[in-house]
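Remarks on the structure that follows.
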Amino acid sequence: MRDKLRGVIAAIATAVDEEGEPDCTRSAALARFLLANGCSALNVLGTTGEATSFSLEQRKRVMTAYRENGLPLDRLMVGTGAAALADAVALTRHAAQLGFAGALLLPPFYYKGVPDEGLLAYIEAIVNATSARPIPLYLYHFPAQSGLPWPIPLVKRLLETFGTRIVGLKDSSGDMTYARQAAAISPAFDVFPSTEAVLMQARSGEFAGCISATANLNADLCARAWRSGDGEALDAAVRIRKLFDGKPLVPGVKALIAHIHGDAGWARVKPPLSPFSAGEQAMVAAAYDALRGVPSSPPRLAAAAQAR
């Protein structure tokens with residue numbers, strides 16, 4: 001399964017309906033579209049997927065919907081980390097029972113400055129609780145949001161203690177020194193920085209690929225860079241990513257998904273996030289259209305649905 005979790009991985013957004021519930025139909029349609037248009041795999045219910053804004057039952061419902069909609073779960077990792085250990089265990093067990101290719105674990109993020117022993121105990125409990133169905137576990141390093149890092153010495157201890165259950169790490173810190181140190185721990189340890197800008201280094205074997213929020217928008221360009229080393233495509237993909245410099249990333253990505261696919265419902269987000277204003281959406285949409293150009297625009301969800 002891990003061979004399929006390489007390359008261009010979109011941290012896929014989760015659609016929200018008018019009542020604030022996860023819109024599983026829209027979410028599954030986007031997942032199918034991204035897998036058909038450049039993504040090697042998907043990261044479901046991560047930061048871009050607003051996982052921590054949904055309840056335990058809502059998260060389990062979204063996970064189940066991906067299987068019920070016939071998505072290839074061997075190409076999907078899913079975020080199962082939570083502040084409460086019991087919730088993280090329940091979500092990781094559910095992911096394993098459904099057949100997801102991996103579980104992505106934020107540290108338990110409420111208490112800050114906790115000792116490594118506490119984080120090791122958290123992972124140990126999840127490993128033991130899923131021993132009957134040993135789903136591969138990926139660490140999610142995003143200290144700017146979680147307030148807790150996965151320190152390199154601890155990562156090494158986790159690999160030594162739990163062996164092949166700990167298979168990789170998503171690094172959203174933006175610290176390339178950290179990413180390289182993590183990748184150097186073992187050739188069998190897959191590290192995914194959170195930007196498509198590293199795809200050329202990934203092609204050379206330094207990383208396993210990228211897990212990017214903006215791959216929701218530029219997957220076709222990223223795929224050209226990953227598969228054939230197309231530098232111009234990568235430059236265009238990175239320029240699309242830079243549209244959100246200084247802007248809230250998740251509302252921005254969802255606003256642009258709404259624009260690209262002609263579906264205003266995609267712009268909805270869960271509190272405490274706020275959607276882009278009409279002016280903000282118009283500005284980023286115009287900039288995106290200028291970068292893509294009409295002839296090179298990717299297919300849209302509506303067109304893809306008609307073709308099936």
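Chain lettering (A, B, ...) mirrors the order of the structure tokens, residue numbering begins at 1 for each chain separately, and ligand numbering begins at 1 in order of display.
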| task | Excluding A:Leu221 and residues on its chain fewer than 4 positions from it, collect all residues at most 8 Å away from it, counting only C-alpha atoms, and give them as a list of chain:residue names. | result | A:Gly38, A:Ala225, A:Ala233, A:Leu234, A:Ala236, A:Ala237
| If you run DSSP on this backbone, which residues of stretch 20-173 of chain A come out as alpha helix (DSSP H), and could you give them as a ChimeraX atom specification? | /A:24-36,56-68,85-98,116-129,143-146,152-162
| message | For a quick check of understanding, using only C-alpha atoms, which of A:Ala10, A:Ala82, A:Leu30, A:Leu73 has the smallest distance to A:Ile260? | response |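 Under the stated criterion, the closest residue is A:Leu30.
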| request: Extract, using only C-alpha atoms, all DNA, RNA and protein residues at most 10 Å from A:Ala182, discarding same-chain residues fewer than 2 positions from it, and format them as a VMD selection string. | output: chain A and resid 150 to 153 155 to 156 168 to 171 176 to 180 184 to 186 189 to 192 207
Could you make a table, as a tab-separated table, of the residues of stretch 196-289 of chain A that have an atom within 12 Å of an atom of stretch 47-59 of chain A, each with its nearest atom pair and distance in Å to one decimal, counting only C-alpha atoms, in chain and number order?
residue	atom	partner	partner_atom	distance
A:Ile211	CA	A:Thr48	CA	10.6
A:Ser212	CA	A:Thr48	CA	8.9
A:Ala213	CA	A:Thr48	CA	6.0
A:Thr214	CA	A:Thr48	CA	9.3
A:Ala215	CA	A:Thr48	CA	10.8
A:Asn216	CA	A:Thr48	CA	9.7
A:Pro248	CA	A:Thr48	CA	10.8
A:Leu249	CA	A:Thr48	CA	8.1
A:Val250	CA	A:Thr48	CA	5.5
A:Pro251	CA	A:Thr48	CA	8.8
A:Gly252	CA	A:Thr48	CA	10.3
A:Val253	CA	A:Thr48	CA	8.3
A:Lys254	CA	A:Thr48	CA	8.9
A:Trp266	CA	A:Gly49	CA	12.0
A:Arg268	CA	A:Glu50	CA	11.3
A:Val269	CA	A:Glu50	CA	8.1
A:Lys270	CA	A:Ser53	CA	6.5
A:Pro271	CA	A:Ser53	CA	7.3
A:Pro272	CA	A:Ser53	CA	8.0
A:Leu273	CA	A:Glu50	CA	9.1
| Quick one: distance from atom CA of A:Ala267 to atom CA of A:Thr195 in Å, one decimal? |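 So the answer is 22.1 Å.
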| field | Option closest in space to A:Leu139, from A:Leu106, A:Ile123, A:Ala15, A:Ala41 [counting only C-alpha atoms] | value | A:Leu106
| task | Tell me, as number ranges by chain, which residues lie within 8 Å of A:Arg6, counting only C-alpha atoms; anything in the same chain fewer than 4 positions away does not count. | result | A: 2, 40-41, 208-210
| task | Identify, with DSSP run on backbone atoms, the residues in stretch 82-273 of chain A assigned to strand (DSSP E), and express the list as number ranges by chain. | result | A: 102-105, 137-141, 166-171, 190-193, 209-212
